[in-house]
Amino acid sequence: MASPSPVEQSVKKIIAGHPNAGRDTLIPVLQEIQEEFGFLSREAVVAVGKELNLPVSKIYGVATFYNQFRFTPQGKNHIQICRGTACHVKGSLAVLEALKRELKIEAGETTKDGLFSLEVVACIGACGLAPVMNVGKNVHANLTTQVIPGILKQYEKQSK
Amino acid sequence: MATTEIISIEVNGRTVDAVPGEMLLKTLRRAGIHVPTLCFVEGLSPTGACRMCVVEIEGQRSLIPACAFPVSAGLKVHTHSERAVAARKTIVELLLADHPDDCLYCERNHHCQLQTLAEEFCIRRRRFVGAKNSYSRDYSGESIVRDPEKCIKCGKCVRVCDEIQGVACIDFISRGSKTTIGTAFDEGLNVSSCVNCGQCVNTCPVGALTGKSHIDRVVDALRDKNKVVILQHAPSVSVSLGEEFNLPIGIDTVGLLHAAGRAVGFNYVFDTSFGADLTIMEEATELVGRVKKVLVEKQNPKGILPLFTSCSPGWIKYVETFFPQNISNLSTCKSPMSMQAAITKTFFADQQGIDPKNIFSVAIMPCTAKKFEASRPEMGRSGYQDTDAVLTTREYAQLIRSFNLDFSSLQPEPADTPFGTRSTAGKIFGVTGGVMEAAIRSAYNFLKGGTLDNSFIVKDGDMKNLRVDAVRGLAGVKEAHIDIDVPGLGVVNVGVAVVNGLGNAKKLLDAINSGEKTDLHFIEVMTCPGGCVGGGGQPYGTDLEKIKERTKALYTIDDSESLRTSHSNPYVIRIYKEFLGEPCGHRSHELLHTDYHQREVLT
């Protein structure tokens with residue numbers, strides 16, 4: 001049998017930290033894996049199935065149920081667009097659509113060049129600045145669809 | 001046995017007997033009170049997902065799904081209150097709002113529970129109109145097509161795949177209105193652990209899961225003047241096909257099946273039960289060989305015994321996928337379908353002077369997995385497949401109807417020789433335990449030193465009426481131990497087990513692999529509950545009652561005919577003399593045996 005890959009080893013280690021790991025500990029296990037790798041890779045999901053003796057389809061089912069899990073690595077610039085109530089009232093849906101259009105990705109995905117990833121979050125507690133988004137550690141306030149291309153350009157330049 | 005306590009509850013003002021703790025739906029059904037369901041499956045864990053069975057219970061604020069509510073004394077239930085009925089109707093209307101309105105073109109037209117409910121509630125207008133979810137169909141598998149747009153998310157397929165078959169290749173993906181049902185990473189069925197059994201197709205209340213139809217390619221072949229189109233039909237098809245034409249359940253329509261085949265244009269009509277007789281010759285010989293290897297040559301039994309039957313293609317893929325360490329336990333025998341198809345394109349083609357390339361071989365099967373089996377690269381030679389198309393029982397009925405034939409008014413006809421003569425041992429292949437019983441009838445003979453030229457040497461009292469009652473019936477796992485006096489070896493206690501449903505097979509395999517179970521020599525596994533009579537290609541609405549009636553019909557055939565062992569079938573004897581040589585001989589190995597491969601798919 002082939003020796004375990006680095007991902008498999010990490011998964012083993014994480015699961016070892018949960019005594020009697022099984023179906024009930026699946027979510028914390030997946031959270032820790034995402035914490036370590038930034039996303040749930042196919043390899044990691046398969047390894048969890050093997051370790052916990054659960055069908056991969058079940059793990060994928062659970063993981064897709066929760067918005068917190070992502071299946072692609074984060075981009076260099078991770079965008080969190082707020083879709084909380086205040087931001088929604090101030091037009092965050094249009095901003096989200098603009099982001100998807102500009103980046104050509106859906107929420108939860110990463111651009112092909114790896115520069116951007118997009119995540120929809122419920123409320124980041126900056127309702128006074130609505131609509132608002134985080135790019136990495138920077139907060140961008142009072143967004144409109146018009147300013148989105150400019151903001152993205154700026155990060156693109158910085159990252160090159 | 002402790003007597004069951006009976007309590008009284010009140011339903012719609014009437015007193016009804018109930019067993020404490022049982023689900024309310026069961027109580028209602030026993031009392032003859034109709035509450036519709038969509039997601040309920042008898043015997044599986046209730047989920048209350050579809051909410052069709054909601055009722056009002058006094059003292060409960062919200063409506064209660066009867067399928068998932070345990071009964072207790074003093075309940076007052078209203079099953080048909082205005083609120084309950086209105087809720088059910090709304091559910092149907094909401095389901096319709098995200099459902100394609102293409103019933104006329106749907107495979108499940110007239111066999112759809114959503115359609116039935118829409119009619120039952122007399123829904124005549126579209127109350128909820130909004131954007132419908134749009135998904136692409138999954139045609140990637142050889143056997144099953146998924147159409148997520150038609151899915152109503154009842155989850156029956158998920159439960160059957162997991163709880164009955166132990167495969168669990170599908171689950172709910174995502175949530176809310178975006179929920180779909182799919183494989184791990186939402187990939188095609190072809191790269192999943194799906195074994196193609198089609199139990200999900202049978203349980204699906206709508207047209208979201210269907211068999212991959214081969215009707216078009218059969219019709220093309222029937223119209224092609226250069227093709228010799230040959231039909232073979234599996235043992236269990238003749239006792240279920242009648243249901244498609246509103247004949248009583250469990251009627252043997254074999255003569256009509258043949259007549260219909262000729263009427264639509266098949267050149268030859270054969271009975272796969274002949275192939276089953278061949279399978280027994282090969283498999284019983286293989287069993288005797290393996291038993292002697294272990295007992296006489298003292299070889300390590302691991303990987304040799306127990307021998308597993310190999311007729312059921314879902315089971316084969318299951319072992320290849322989930323238990324690759326047991327591949328060598330599988331009999332190398334092809335299934336009856338593939339044996340018969342191989343003989344058709346070699347022996348029969350030679351005999352008739354037909355170029356095998358011009359033969360189009362069609363198998364009528366109770367099974368969706370047979371489509372996958374027919375496509376396996378091992379099942380053919382010189383660039384062609386032995387079986388060119390597989391029609392399920394349902395598809396064969398569709399084919400007959402599409403030729404505007406009135407099935408029940410046809411005149412019964414016999415099958416064509418040489419593959420029309422079968423023993424009843426080959427016929428009972430269609431039911432769980434049947435392969436085992438047929439194999440025991442012959443292996444007993446072979447172990448006792450009987451040969452092809454001998455008449456059956458088992459005397460009355462050795463094996464009463466050739467019946468092996470211990471392997472009959474619908475229990476998930478059956479076991480029998482038979483003492484056979486083998487010349488030169490003394491009395492050998494042969495242990496056999498019969499399994500139906502892959503979930504049951506998994507438990508037995510685990511016990512064998514852990515060394516807990518060591519007294520078995522031969523194990524028959526049929527993928528589907530009840531065996532082929534409950535196959536994934538059988539008429540929609542297959543349930544336990546129908547499975548029982550079809551089973552009875554096959555055993556009645558066995559009781560009422562005189563040719564009851566494979567090795568005494570004169571045509572089987574002839575084909576060995578004229579063509580094959582001896583069972584498990586060189587030519588047999590070339591044509592009738594195969595090999596298996598571990599499958600690297602996500603499990």
# chains A, B, ... in the order shown; residues from 1 in each chain; ligands from 1
>>> interface_residues(of="chain B", to="chain A", cutoff="7 Å", atoms="only C-alpha atoms", output="number ranges by chain")
B: 168-175, 183-185, 602-603
>>> residues_around(residues="A:Cys123", least_positions_apart="3", cutoff="12 Å", atoms="only C-alpha atoms", output="PDB file with C-alpha atoms, in the first residue's frame")
ATOM      1  CA  GLN A  80     -16.114  38.714   1.728  1.00  0.00           C
ATOM      2  CA  ILE A  81     -19.211  40.511   0.532  1.00  0.00           C
ATOM      3  CA  CYS A  82     -21.754  41.274   3.241  1.00  0.00           C
ATOM      4  CA  ARG A  83     -25.342  40.234   2.536  1.00  0.00           C
ATOM      5  CA  GLY A  84     -26.724  41.183   5.959  1.00  0.00           C
ATOM      6  CA  THR A  85     -29.963  43.103   6.286  1.00  0.00           C
ATOM      7  CA  ALA A  86     -28.530  46.625   6.216  1.00  0.00           C
ATOM      8  CA  CYS A  87     -26.274  45.882   3.248  1.00  0.00           C
ATOM      9  CA  HIS A  88     -29.144  44.172   1.475  1.00  0.00           C
ATOM     10  CA  SER A  92     -25.515  44.634  -1.809  1.00  0.00           C
ATOM     11  CA  GLU A 119     -17.419  34.506  -0.225  1.00  0.00           C
ATOM     12  CA  VAL A 120     -20.869  35.657   0.804  1.00  0.00           C
ATOM     13  CA  ALA A 126     -20.262  47.374   9.868  1.00  0.00           C
ATOM     14  CA  CYS A 127     -23.847  48.257   9.070  1.00  0.00           C
ATOM     15  CA  GLY A 128     -23.142  52.003   9.180  1.00  0.00           C
ATOM     16  CA  LEU A 129     -20.851  51.591   6.162  1.00  0.00           C
ATOM     17  CA  ALA A 130     -23.305  49.505   4.106  1.00  0.00           C
ATOM     18  CA  PRO A 131     -22.966  48.093   1.567  1.00  0.00           C
ATOM     19  CA  VAL A 132     -19.614  46.794   2.611  1.00  0.00           C
ATOM     20  CA  MET A 133     -17.023  44.159   1.730  1.00  0.00           C
ATOM     21  CA  ASN A 134     -13.675  42.953   3.026  1.00  0.00           C
TER      22      ASN A 134
END
>>> closest_residue(among="B:His258, B:Arg290, B:Lys546, B:Lys427", to="B:Glu413", atoms="only C-alpha atoms")
B:His258
>>> residues_around(residues="stretch 157-159 of chain A", least_positions_apart="3", cutoff="10 Å", atoms="only C-alpha atoms", output="ChimeraX atom specification")
/A:76-77,115,152-154
>>> closest_residue(among="B:Tyr105, B:Tyr139, B:Phe372, B:Phe40", to="B:Lys317", atoms="only C-alpha atoms")
B:Phe372
>>> select_by_dssp(residues="stretch 99-128 of chain A", states="alpha helix (DSSP H)", output="PyMOL selection string")
chain A and resi 99-103
>>> atom_distance(atom1="atom CA of B:Leu114", atom2="atom CA of B:Glu149")
13.6 Å
